[in-house]
$ cat data_36.txt   # compact mmCIF, C-alpha atoms and all ligand atoms
# COMPACT_ATOMS: atom_id res chain seq x y z
CA MET A 1 -146.54 58.86 -47.75
CA ILE A 2 -146.40 55.97 -50.22
CA PRO A 3 -143.54 53.84 -48.84
CA ILE A 4 -140.81 52.33 -51.00
CA ALA A 5 -141.69 48.90 -49.55
CA ARG A 6 -144.63 47.48 -47.60
CA PRO A 7 -144.24 43.83 -46.53
CA GLN A 8 -147.60 42.02 -46.53
CA MET A 9 -148.48 39.55 -43.79
CA GLY A 10 -151.87 37.80 -43.87
CA ASP A 11 -153.84 35.13 -42.05
CA GLU A 12 -151.97 32.37 -43.91
CA GLU A 13 -148.63 33.50 -42.43
CA LYS A 14 -150.17 33.92 -38.96
CA GLU A 15 -151.74 30.45 -38.97
CA LEU A 16 -148.59 28.69 -40.11
CA VAL A 17 -146.39 30.62 -37.66
CA TRP A 18 -148.77 29.93 -34.80
CA SER A 19 -148.96 26.22 -35.57
CA ALA A 20 -145.14 26.04 -35.68
CA MET A 21 -144.93 27.89 -32.36
CA SER A 22 -147.61 25.71 -30.77
CA SER A 23 -145.85 22.54 -31.87
CA GLY A 24 -142.84 23.46 -29.75
CA ALA A 25 -140.50 22.60 -32.66
CA LEU A 26 -139.08 26.04 -33.27
CA ALA A 27 -135.60 25.58 -34.71
CA GLN A 28 -134.72 24.09 -38.10
CA GLY A 29 -137.09 21.18 -38.71
CA ALA A 30 -139.94 19.92 -40.87
CA ARG A 31 -141.10 23.37 -42.01
CA VAL A 32 -137.61 24.29 -43.19
CA ARG A 33 -137.41 21.02 -45.13
CA GLU A 34 -140.81 21.70 -46.70
CA LEU A 35 -139.76 25.22 -47.73
CA GLU A 36 -136.53 23.83 -49.21
CA GLU A 37 -138.44 21.27 -51.27
CA ARG A 38 -141.02 23.72 -52.51
CA PHE A 39 -138.45 26.43 -53.29
CA ALA A 40 -136.23 23.96 -55.18
CA ASP A 41 -139.27 22.99 -57.25
CA PHE A 42 -140.13 26.62 -57.86
CA VAL A 43 -136.61 27.44 -59.08
CA GLY A 44 -136.35 24.20 -61.04
CA VAL A 45 -133.38 22.57 -59.31
CA PRO A 46 -133.08 19.37 -57.26
CA HIS A 47 -131.49 20.96 -54.16
CA ALA A 48 -132.21 23.96 -51.94
CA VAL A 49 -130.55 24.77 -48.61
CA ALA A 50 -132.32 27.27 -46.34
CA THR A 51 -130.19 29.75 -44.39
CA SER A 52 -130.50 32.56 -41.88
CA SER A 53 -130.11 35.34 -44.51
CA GLY A 54 -129.17 36.11 -48.09
CA THR A 55 -125.71 36.99 -46.84
CA THR A 56 -125.19 33.56 -45.27
CA ALA A 57 -126.62 31.96 -48.44
CA LEU A 58 -123.88 33.71 -50.46
CA HIS A 59 -121.26 32.68 -47.92
CA LEU A 60 -122.34 29.02 -48.03
CA ALA A 61 -122.65 29.02 -51.84
CA LEU A 62 -119.08 30.27 -52.16
CA ILE A 63 -117.73 27.74 -49.67
CA GLY A 64 -119.86 25.05 -51.32
CA SER A 65 -118.24 25.99 -54.64
CA ASP A 66 -114.79 25.49 -53.07
CA VAL A 67 -113.89 29.18 -53.06
CA GLY A 68 -111.23 29.83 -50.46
CA SER A 69 -108.07 31.56 -49.46
CA GLY A 70 -106.01 32.92 -52.36
CA ASP A 71 -108.83 32.59 -54.91
CA GLU A 72 -110.42 35.38 -56.92
CA VAL A 73 -114.11 35.88 -57.58
CA ILE A 74 -115.33 38.17 -60.35
CA THR A 75 -118.28 40.37 -59.42
CA VAL A 76 -119.66 43.91 -59.81
CA PRO A 77 -119.23 47.03 -57.65
CA PHE A 78 -122.80 48.22 -58.36
CA THR A 79 -124.59 45.99 -55.86
CA PHE A 80 -125.34 45.48 -52.19
CA PHE A 81 -122.18 45.17 -50.08
CA ALA A 82 -122.78 41.48 -49.26
CA SER A 83 -122.17 40.35 -52.87
CA ALA A 84 -118.50 41.19 -52.27
CA SER A 85 -118.07 41.03 -48.48
CA THR A 86 -119.00 37.34 -48.50
CA VAL A 87 -116.12 36.72 -50.92
CA LEU A 88 -113.81 38.26 -48.32
CA PHE A 89 -115.26 35.95 -45.61
CA THR A 90 -113.94 32.95 -47.55
CA GLY A 91 -110.41 34.38 -47.75
CA ALA A 92 -110.79 35.04 -51.48
CA ARG A 93 -110.53 38.41 -53.19
CA PRO A 94 -113.31 40.08 -55.19
CA VAL A 95 -112.22 41.25 -58.65
CA PHE A 96 -114.64 43.86 -59.90
CA VAL A 97 -115.80 44.43 -63.45
CA ASP A 98 -118.14 47.23 -64.40
CA VAL A 99 -121.84 46.92 -65.19
CA ASP A 100 -123.45 47.36 -68.57
CA GLU A 101 -125.01 50.77 -68.97
CA ALA A 102 -128.12 49.39 -70.68
CA THR A 103 -129.09 46.74 -68.10
CA PHE A 104 -127.16 47.80 -64.94
CA ASN A 105 -126.05 44.13 -64.69
CA ILE A 106 -122.52 42.77 -65.15
CA ASP A 107 -120.92 43.73 -68.50
CA VAL A 108 -120.29 40.28 -69.92
CA ALA A 109 -117.81 41.63 -72.47
CA GLN A 110 -115.45 42.58 -69.61
CA ILE A 111 -115.45 39.25 -67.78
CA GLU A 112 -112.81 37.31 -69.71
CA ALA A 113 -110.19 40.05 -69.38
CA ALA A 114 -110.58 39.78 -65.59
CA ILE A 115 -109.94 36.02 -65.44
CA THR A 116 -106.55 35.00 -64.03
CA PRO A 117 -105.11 31.61 -62.95
CA ARG A 118 -106.50 32.38 -59.45
CA THR A 119 -110.09 32.96 -60.58
CA ARG A 120 -112.40 30.40 -59.02
CA ALA A 121 -115.91 31.78 -59.62
CA ILE A 122 -118.00 34.40 -61.39
CA LEU A 123 -120.63 36.03 -59.18
CA PRO A 124 -123.14 38.03 -61.24
CA VAL A 125 -125.96 39.92 -59.49
CA SER A 126 -129.47 39.82 -60.96
CA LEU A 127 -130.13 43.40 -59.96
CA TYR A 128 -133.59 44.81 -59.22
CA GLY A 129 -135.19 41.53 -60.39
CA GLN A 130 -133.71 41.28 -63.90
CA PRO A 131 -131.46 38.24 -64.43
CA ALA A 132 -127.92 39.00 -65.51
CA ASP A 133 -126.97 37.49 -68.90
CA LEU A 134 -126.73 34.06 -67.31
CA PRO A 135 -126.52 31.94 -70.49
CA ALA A 136 -123.46 33.92 -71.66
CA ILE A 137 -121.88 33.87 -68.19
CA ALA A 138 -122.52 30.12 -67.83
CA GLU A 139 -120.77 29.56 -71.15
CA ILE A 140 -117.71 31.58 -70.05
CA ALA A 141 -117.66 29.82 -66.66
CA GLU A 142 -117.80 26.41 -68.29
CA ARG A 143 -115.08 27.23 -70.83
CA HIS A 144 -112.72 28.36 -68.03
CA GLY A 145 -113.72 25.72 -65.47
CA LEU A 146 -115.17 28.29 -63.05
CA ALA A 147 -118.14 28.15 -60.70
CA LEU A 148 -121.14 30.38 -61.38
CA VAL A 149 -122.64 31.76 -58.16
CA GLU A 150 -125.64 33.97 -58.92
CA ASP A 151 -126.65 36.63 -56.40
CA ALA A 152 -130.39 36.15 -56.90
CA ALA A 153 -131.28 38.04 -53.71
CA GLN A 154 -133.61 40.29 -55.71
CA SER A 155 -134.86 37.93 -58.42
CA HIS A 156 -137.27 35.32 -56.99
CA GLY A 157 -139.23 34.00 -59.97
CA ALA A 158 -137.30 35.94 -62.63
CA ALA A 159 -136.39 33.91 -65.71
CA ILE A 160 -134.65 33.82 -69.04
CA GLY A 161 -136.92 31.91 -71.39
CA ASP A 162 -138.45 29.27 -69.15
CA ARG A 163 -135.35 28.87 -66.96
CA ARG A 164 -135.50 30.61 -63.62
CA SER A 165 -133.00 32.76 -61.81
CA GLY A 166 -131.13 30.54 -59.36
CA SER A 167 -130.99 27.55 -61.73
CA TRP A 168 -128.07 28.58 -63.96
CA GLY A 169 -125.36 27.89 -61.42
CA VAL A 170 -125.56 28.12 -57.64
CA GLY A 171 -128.37 30.57 -56.75
CA CYS A 172 -128.41 32.71 -53.59
CA PHE A 173 -131.72 34.22 -52.49
CA SER A 174 -132.62 36.65 -49.70
CA PHE A 175 -135.92 36.64 -47.83
CA TYR A 176 -135.40 40.01 -46.15
CA PRO A 177 -138.75 41.78 -45.45
CA THR A 178 -138.67 44.07 -48.50
CA LYS A 179 -137.85 41.29 -50.97
CA ASN A 180 -140.39 39.81 -53.43
CA MET A 181 -141.09 37.18 -50.77
CA THR A 182 -139.97 37.18 -47.15
CA THR A 183 -139.40 34.93 -44.15
CA GLY A 184 -138.62 37.89 -41.85
CA GLU A 185 -134.92 37.21 -42.26
CA GLY A 186 -133.71 34.25 -44.27
CA GLY A 187 -132.07 33.00 -47.41
CA MET A 188 -131.73 30.00 -49.72
CA VAL A 189 -128.99 28.34 -51.75
CA THR A 190 -130.26 26.56 -54.88
CA THR A 191 -128.21 24.14 -56.98
CA ALA A 192 -128.28 21.16 -59.30
CA ASP A 193 -124.97 19.96 -57.85
CA PRO A 194 -125.42 17.54 -54.92
CA ALA A 195 -121.83 18.14 -53.74
CA VAL A 196 -122.43 21.91 -53.43
CA ALA A 197 -125.68 21.30 -51.55
CA ASP A 198 -124.04 18.77 -49.23
CA ARG A 199 -121.16 21.08 -48.35
CA ALA A 200 -123.51 24.02 -47.82
CA ARG A 201 -125.66 21.90 -45.48
CA LEU A 202 -122.63 20.76 -43.53
CA MET A 203 -121.22 24.26 -43.15
CA ARG A 204 -124.67 25.59 -42.17
CA GLU A 205 -124.59 23.43 -39.08
CA HIS A 206 -121.12 23.28 -37.56
CA GLY A 207 -119.88 20.68 -40.01
CA MET A 208 -122.20 18.06 -38.47
CA ARG A 209 -123.86 15.25 -40.35
CA VAL A 210 -124.33 13.18 -37.21
CA ARG A 211 -125.13 15.09 -34.03
CA TYR A 212 -122.00 16.20 -32.15
CA GLN A 213 -119.69 14.63 -34.71
CA HIS A 214 -117.98 17.48 -36.55
CA GLU A 215 -116.43 16.75 -39.95
CA MET A 216 -115.32 20.34 -40.43
CA VAL A 217 -115.47 23.76 -38.81
CA GLY A 218 -118.77 25.32 -39.80
CA PHE A 219 -121.27 27.93 -38.68
CA ASN A 220 -124.77 28.22 -37.32
CA PHE A 221 -126.53 29.66 -40.37
CA ARG A 222 -129.80 27.79 -39.83
CA MET A 223 -133.28 29.07 -40.60
CA THR A 224 -135.94 28.46 -37.94
CA ASP A 225 -139.26 26.68 -38.52
CA ILE A 226 -140.99 29.92 -37.51
CA HIS A 227 -139.33 31.79 -40.35
CA ALA A 228 -139.89 28.92 -42.79
CA SER A 229 -143.61 29.01 -41.90
CA ILE A 230 -143.80 32.63 -43.06
CA GLY A 231 -141.91 31.61 -46.19
CA LEU A 232 -144.32 28.78 -47.04
CA ALA A 233 -147.25 31.19 -47.05
CA GLN A 234 -145.28 33.79 -48.98
CA LEU A 235 -144.08 31.31 -51.63
CA THR A 236 -147.71 30.48 -52.42
CA LYS A 237 -148.38 34.18 -52.93
CA LEU A 238 -145.16 34.95 -54.84
CA PRO A 239 -146.53 34.42 -58.40
CA GLY A 240 -149.41 36.82 -57.64
CA TYR A 241 -147.06 39.35 -56.06
CA ASN A 242 -144.72 39.19 -59.06
CA ALA A 243 -147.62 39.56 -61.52
CA ARG A 244 -148.75 42.71 -59.69
CA ARG A 245 -145.18 44.13 -59.67
CA ARG A 246 -144.91 43.46 -63.42
CA HIS A 247 -148.28 45.06 -64.08
CA ILE A 248 -147.30 48.25 -62.21
CA ALA A 249 -143.90 48.31 -63.95
CA ALA A 250 -145.59 48.04 -67.36
CA ARG A 251 -147.65 51.13 -66.53
CA TYR A 252 -144.51 53.00 -65.46
CA ASP A 253 -142.80 51.93 -68.71
CA ARG A 254 -145.66 53.35 -70.72
CA GLU A 255 -146.39 56.49 -68.75
CA LEU A 256 -143.20 57.86 -67.19
CA GLN A 257 -141.47 60.61 -69.11
CA GLY A 258 -138.06 62.28 -68.89
CA VAL A 259 -136.33 59.45 -67.00
CA ILE A 260 -134.17 56.50 -68.10
CA THR A 261 -134.74 52.94 -66.90
CA PRO A 262 -132.64 49.77 -67.27
CA GLN A 263 -133.46 47.98 -70.53
CA VAL A 264 -135.20 44.67 -70.17
CA GLN A 265 -133.50 42.10 -72.37
CA PRO A 266 -135.53 40.03 -74.87
CA GLY A 267 -136.92 36.78 -73.47
CA VAL A 268 -136.40 37.92 -69.88
CA THR A 269 -139.05 37.82 -67.15
CA HIS A 270 -138.15 40.76 -64.89
CA VAL A 271 -139.80 40.60 -61.45
CA TYR A 272 -139.19 44.22 -60.44
CA HIS A 273 -137.85 43.92 -56.95
CA GLN A 274 -137.15 47.59 -57.65
CA TYR A 275 -138.35 49.90 -60.37
CA THR A 276 -135.38 52.19 -60.78
CA ILE A 277 -135.09 55.37 -62.79
CA ARG A 278 -132.08 57.52 -63.60
CA VAL A 279 -132.65 61.18 -62.93
CA SER A 280 -130.76 64.45 -63.04
CA ARG A 281 -130.41 66.49 -59.82
CA ARG A 282 -131.30 63.47 -57.67
CA ASP A 283 -131.35 65.12 -54.24
CA GLU A 284 -133.89 67.68 -55.44
CA PHE A 285 -135.82 64.89 -57.20
CA VAL A 286 -136.08 62.97 -53.91
CA ASP A 287 -137.28 66.09 -52.04
CA ARG A 288 -139.90 66.93 -54.68
CA LEU A 289 -141.29 63.37 -54.66
CA LYS A 290 -141.41 63.45 -50.86
CA GLU A 291 -143.38 66.69 -50.96
CA GLN A 292 -145.86 64.90 -53.24
CA GLY A 293 -146.14 61.94 -50.86
CA VAL A 294 -143.91 59.48 -52.73
CA GLY A 295 -141.18 57.61 -50.85
CA THR A 296 -138.02 56.56 -52.70
CA GLY A 297 -134.86 54.51 -52.16
CA ILE A 298 -131.33 54.70 -53.54
CA TYR A 299 -129.85 51.31 -54.47
CA TYR A 300 -126.95 51.98 -54.24
CA PRO A 301 -125.40 55.36 -53.42
CA ILE A 302 -121.75 54.21 -53.15
CA PRO A 303 -120.10 51.51 -55.29
CA VAL A 304 -118.61 48.66 -53.26
CA HIS A 305 -115.00 49.44 -54.26
CA ARG A 306 -115.43 52.89 -52.70
CA GLN A 307 -116.73 51.58 -49.36
CA LYS A 308 -114.36 52.04 -46.43
CA PRO A 309 -113.26 48.40 -46.00
CA PHE A 310 -112.44 48.20 -49.73
CA LEU A 311 -110.58 51.50 -49.67
CA GLU A 312 -108.52 50.02 -46.84
CA LEU A 313 -107.84 46.97 -49.01
CA GLY A 314 -106.47 49.20 -51.76
CA TYR A 315 -109.39 49.19 -54.22
CA GLY A 316 -109.73 52.98 -54.13
CA ASP A 317 -107.70 53.66 -57.28
CA GLN A 318 -109.80 51.36 -59.44
CA ARG A 319 -112.31 52.97 -61.77
CA PHE A 320 -115.70 51.62 -62.85
CA PRO A 321 -117.23 54.58 -64.66
CA VAL A 322 -120.70 53.17 -65.30
CA SER A 323 -121.15 51.95 -61.72
CA GLU A 324 -119.82 55.21 -60.31
CA ARG A 325 -122.12 57.28 -62.46
CA LEU A 326 -125.19 55.12 -61.74
CA CYS A 327 -124.58 55.50 -58.01
CA GLY A 328 -125.12 59.24 -58.46
CA GLU A 329 -128.25 58.98 -60.61
CA VAL A 330 -130.39 55.99 -59.66
CA LEU A 331 -133.61 56.37 -57.76
CA SER A 332 -136.10 53.60 -56.99
CA ILE A 333 -139.81 54.36 -56.79
CA PRO A 334 -142.51 52.23 -55.15
CA VAL A 335 -143.46 49.13 -57.18
CA HIS A 336 -144.52 46.75 -54.40
CA PRO A 337 -147.62 44.61 -54.92
CA SER A 338 -149.73 46.29 -52.25
CA LEU A 339 -149.80 49.62 -54.14
CA THR A 340 -153.33 50.64 -55.09
CA ASP A 341 -154.07 51.91 -58.60
CA ASP A 342 -154.56 55.38 -57.07
CA GLU A 343 -151.12 55.22 -55.51
CA VAL A 344 -149.61 54.14 -58.84
CA GLU A 345 -151.22 57.18 -60.45
CA THR A 346 -149.85 59.45 -57.73
CA VAL A 347 -146.35 58.09 -58.36
CA ILE A 348 -146.62 58.59 -62.13
CA ALA A 349 -147.92 62.14 -61.80
CA ALA A 350 -145.25 63.06 -59.24
CA VAL A 351 -142.35 61.62 -61.27
CA ASN A 352 -143.51 63.25 -64.51
CA ALA A 353 -144.07 66.66 -62.89
CA THR A 354 -140.66 66.51 -61.20
CA ALA A 355 -138.81 65.36 -64.34
CA ALA A 356 -140.46 68.19 -66.28
CA GLU A 357 -139.44 70.71 -63.62
CA LEU A 358 -135.86 69.54 -63.08
CA GLY A 359 -135.13 68.62 -66.67
CA PRO A 360 -134.77 65.22 -68.30
CA ILE A 361 -131.63 63.22 -67.86
CA GLN A 362 -129.37 63.07 -70.92
CA ALA A 363 -128.52 59.50 -71.94
CA ALA A 364 -125.59 60.56 -74.11
CA ALA A 365 -123.85 62.30 -71.21
CA THR A 366 -122.93 58.92 -69.71
CA ALA A 367 -120.60 57.83 -72.51
C1 LIG B 1 -128.09 42.03 -54.15
C2 LIG B 1 -128.15 41.55 -52.73
N1 LIG B 1 -127.24 40.66 -52.29
C3 LIG B 1 -127.26 40.20 -51.04
C4 LIG B 1 -128.21 40.60 -50.13
C5 LIG B 1 -128.11 40.11 -48.72
O1 LIG B 1 -129.29 39.53 -48.24
P1 LIG B 1 -129.68 39.63 -46.69
O2 LIG B 1 -130.01 41.04 -46.38
O3 LIG B 1 -130.86 38.71 -46.59
O4 LIG B 1 -128.52 39.13 -45.91
C6 LIG B 1 -129.19 41.50 -50.53
C7 LIG B 1 -130.26 41.94 -49.62
O5 LIG B 1 -130.23 42.91 -48.97
C8 LIG B 1 -129.16 42.01 -51.87
O6 LIG B 1 -130.07 42.89 -52.28
$ encode --input "data_36.txt" --output "structure tokens"
Amino acid sequence: MIPIARPQMGDEEKELVWSAMSSGALAQGARVRELEERFADFVGVPHAVATSSGTTALHLALIGSDVGSGDEVITVPFTFFASASTVLFTGARPVFVDVDEATFNIDVAQIEAAITPRTRAILPVSLYGQPADLPAIAEIAERHGLALVEDAAQSHGAAIGDRRSGSWGVGCFSFYPTKNMTTGEGGMVTTADPAVADRARLMREHGMRVRYQHEMVGFNFRMTDIHASIGLAQLTKLPGYNARRRHIAARYDRELQGVITPQVQPGVTHVYHQYTIRVSRRDEFVDRLKEQGVGTGIYYPIPVHRQKPFLELGYGDQRFPVSERLCGEVLSIPVHPSLTDDEVETVIAAVNATAAELGPIQAAATA
């Protein structure tokens, strides 16, 4: 079976992890600082704060942006749960707007209507590795005096023009094993604003600047030097990984038939954390691909406003037609950098045969 993800660990990771372990300095230390510096450079911002996960990166970015009780944060329901649950952690309330049918990212035209006097931040998600329309969102955020917190958990190295994901506002990355680069578990907050970075650092470590002197009530959201060691090796490999993902995606773009994919916007560097197609009769599609040895993933089957905790909070009556429809049609196929050319051909043949058998999806039906 060709898996939907296959994390790659090599000698470089092993050597760095072993040297960190042998040094006896295991918790947050020099390796974390080195990863922060190199990742900040990579994204093109002066500050990066390493965390224990993408979820804690989002949490710290929101707190760092002064989001708190009574505030509202505008985001999308077609995303991983943490984009919205972390807003709840701060005491604020997520306000959902639908995604754009062409890109699957936030529909910028709907943002301003959702702004109220309580809005504190806009939290777009750069889904599957394609940046949301960050220049337009940054302009709206600036005009209304709002923070821009980008969920860049899936977009390491993605860019609009020559400006990378994570540099348009406060960026939040995940280093979960299936991501474009990993630390095992881990995350990173990136920002040009020293005040946001300072607050995120403080809250990451129990509100301490000086040991055992607590300026505020914070968390333990630290990354360890063992995890940062994996990340240092992976960051070196990330450009090569992304190039291979983009190469495979270009073949899929050319050769897949009878499926719809998110449109890549002009000037955008998409890094294909996922290559996602829209299909008709998805359950059968998944079974057919499995029979032909192709693993798949569904990101995401249920929109966030329809998840149990959000139903309990009263979001159940809200309607986001594009998100709801996408949740029933999207299917991600393997695009990870360790795929061989033979495996890529197997995927293409299996998708095309299945689409031909089950019938192509109708774009117009979505309207
Ligand atoms: C869009 C999105 N946001 C947030 C997260 C949370 O990251 P983590 O799993 O590292 O906590 C993920 C990763 O799963 C994600 O894909």
$ residues_near_ligand --input "data_36.txt" --ligand "ligand LIG 1 (chain B)" --cutoff "7 Å" --atoms "only C-alpha atoms and all ligand atoms" --output "PDB file with C-alpha atoms, in the frame of the given file"
ATOM      1  CA  SER A  53    -130.110  35.340 -44.510  1.00  0.00           C
ATOM      2  CA  GLY A  54    -129.170  36.110 -48.090  1.00  0.00           C
ATOM      3  CA  THR A  55    -125.710  36.990 -46.840  1.00  0.00           C
ATOM      4  CA  THR A  56    -125.190  33.560 -45.270  1.00  0.00           C
ATOM      5  CA  THR A  79    -124.590  45.990 -55.860  1.00  0.00           C
ATOM      6  CA  PHE A  80    -125.340  45.480 -52.190  1.00  0.00           C
ATOM      7  CA  ALA A  82    -122.780  41.480 -49.260  1.00  0.00           C
ATOM      8  CA  SER A  83    -122.170  40.350 -52.870  1.00  0.00           C
ATOM      9  CA  VAL A 125    -125.960  39.920 -59.490  1.00  0.00           C
ATOM     10  CA  LEU A 127    -130.130  43.400 -59.960  1.00  0.00           C
ATOM     11  CA  ASP A 151    -126.650  36.630 -56.400  1.00  0.00           C
ATOM     12  CA  ALA A 152    -130.390  36.150 -56.900  1.00  0.00           C
ATOM     13  CA  ALA A 153    -131.280  38.040 -53.710  1.00  0.00           C
ATOM     14  CA  GLN A 154    -133.610  40.290 -55.710  1.00  0.00           C
ATOM     15  CA  SER A 174    -132.620  36.650 -49.700  1.00  0.00           C
ATOM     16  CA  PHE A 175    -135.920  36.640 -47.830  1.00  0.00           C
ATOM     17  CA  TYR A 176    -135.400  40.010 -46.150  1.00  0.00           C
ATOM     18  CA  GLU A 185    -134.920  37.210 -42.260  1.00  0.00           C
ATOM     19  CA  GLY A 186    -133.710  34.250 -44.270  1.00  0.00           C
ATOM     20  CA  GLY A 187    -132.070  33.000 -47.410  1.00  0.00           C
TER      21      GLY A 187
END
$ closest_atom_pairs --input "data_36.txt" --of "segment 90-124 of chain A" --to "segment 311-327 of chain A" --cutoff "10 Å" --atoms "only C-alpha atoms" --output "CSV"
residue,atom,partner,partner_atom,distance
A:Arg93,CA,A:Leu313,CA,9.9
A:Pro94,CA,A:Tyr315,CA,10.0
A:Val95,CA,A:Tyr315,CA,9.5
A:Phe96,CA,A:Phe320,CA,8.4
A:Val97,CA,A:Phe320,CA,7.2
A:Asp98,CA,A:Phe320,CA,5.3
A:Val99,CA,A:Ser323,CA,6.1
A:Asp100,CA,A:Val322,CA,7.2
A:Glu101,CA,A:Val322,CA,6.1
A:Ala102,CA,A:Val322,CA,9.9
A:Phe104,CA,A:Ser323,CA,8.0
A:Asn105,CA,A:Ser323,CA,9.7
A:Ile106,CA,A:Ser323,CA,9.9
A:Asp107,CA,A:Val322,CA,10.0
$ atom_distance --input "data_36.txt" --atom1 "atom CA of Ala121 of chain A" --atom2 "atom CA of Cys172 of chain A"
13.9 Å
$ atom_distance --input "data_36.txt" --atom1 "atom CA of Asp41 of chain A" --atom2 "atom CA of Ala158 of chain A"
14.2 Å
$ closest_residue --input "data_36.txt" --among "A:Gly297, A:Glu291, A:Gly359, A:Ile226" --to "Ser22 of chain A" --atoms "all atoms listed in the file"
A:Ile226
$ closest_residue --input "data_36.txt" --among "A:Val210, A:Leu62, A:Met203, A:Ala356" --to "Gly258 of chain A" --atoms "all atoms listed in the file"
A:Ala356
$ residues_around --input "data_36.txt" --residues "Thr236 of chain A" --least-positions-apart "4" --cutoff "10 Å" --atoms "all atoms listed in the file" --output "PyMOL selection string"
chain A and resi 12+38+181+231-232+240-241
$ atom_distance --input "data_36.txt" --atom1 "atom CA of Arg244 of chain A" --atom2 "atom CA of Pro337 of chain A"
5.3 Å
$ closest_residue --input "data_36.txt" --among "A:Val67, A:Leu358, A:Ala147, A:Ala350" --to "Lys290 of chain A" --atoms "all atoms listed in the file"
A:Ala350
$ decode --input "data_36.txt" --residues "segment 309-336 of chain A" --atoms "C-alpha atoms" --output "PDB file, in the first residue's frame"
ATOM      1  CA  PRO A 309     -18.071  21.064  21.202  1.00  0.00           C
ATOM      2  CA  PHE A 310     -19.199  23.708  18.689  1.00  0.00           C
ATOM      3  CA  LEU A 311     -22.698  22.250  18.461  1.00  0.00           C
ATOM      4  CA  GLU A 312     -22.814  22.557  22.247  1.00  0.00           C
ATOM      5  CA  LEU A 313     -21.754  26.199  21.926  1.00  0.00           C
ATOM      6  CA  GLY A 314     -24.679  26.867  19.590  1.00  0.00           C
ATOM      7  CA  TYR A 315     -22.894  26.977  16.217  1.00  0.00           C
ATOM      8  CA  GLY A 316     -25.037  24.181  14.779  1.00  0.00           C
ATOM      9  CA  ASP A 317     -27.535  26.437  12.993  1.00  0.00           C
ATOM     10  CA  GLN A 318     -24.860  28.311  11.073  1.00  0.00           C
ATOM     11  CA  ARG A 319     -24.402  27.431   7.420  1.00  0.00           C
ATOM     12  CA  PHE A 320     -21.179  27.453   5.404  1.00  0.00           C
ATOM     13  CA  PRO A 321     -22.218  25.783   2.161  1.00  0.00           C
ATOM     14  CA  VAL A 322     -18.818  25.560   0.474  1.00  0.00           C
ATOM     15  CA  SER A 323     -17.086  24.135   3.554  1.00  0.00           C
ATOM     16  CA  GLU A 324     -19.925  21.692   4.160  1.00  0.00           C
ATOM     17  CA  ARG A 325     -19.878  20.485   0.599  1.00  0.00           C
ATOM     18  CA  LEU A 326     -16.071  20.163   0.458  1.00  0.00           C
ATOM     19  CA  CYS A 327     -16.137  18.033   3.604  1.00  0.00           C
ATOM     20  CA  GLY A 328     -18.186  15.496   1.650  1.00  0.00           C
ATOM     21  CA  GLU A 329     -16.033  15.510  -1.490  1.00  0.00           C
ATOM     22  CA  VAL A 330     -12.355  16.050  -0.697  1.00  0.00           C
ATOM     23  CA  LEU A 331      -9.851  13.246  -0.872  1.00  0.00           C
ATOM     24  CA  SER A 332      -6.087  13.589  -0.470  1.00  0.00           C
ATOM     25  CA  ILE A 333      -3.746  11.297  -2.376  1.00  0.00           C
ATOM     26  CA  PRO A 334      -0.075  10.595  -1.609  1.00  0.00           C
ATOM     27  CA  VAL A 335       2.264  13.466  -2.585  1.00  0.00           C
ATOM     28  CA  HIS A 336       5.049  13.018  -0.037  1.00  0.00           C
TER      29      HIS A 336
END
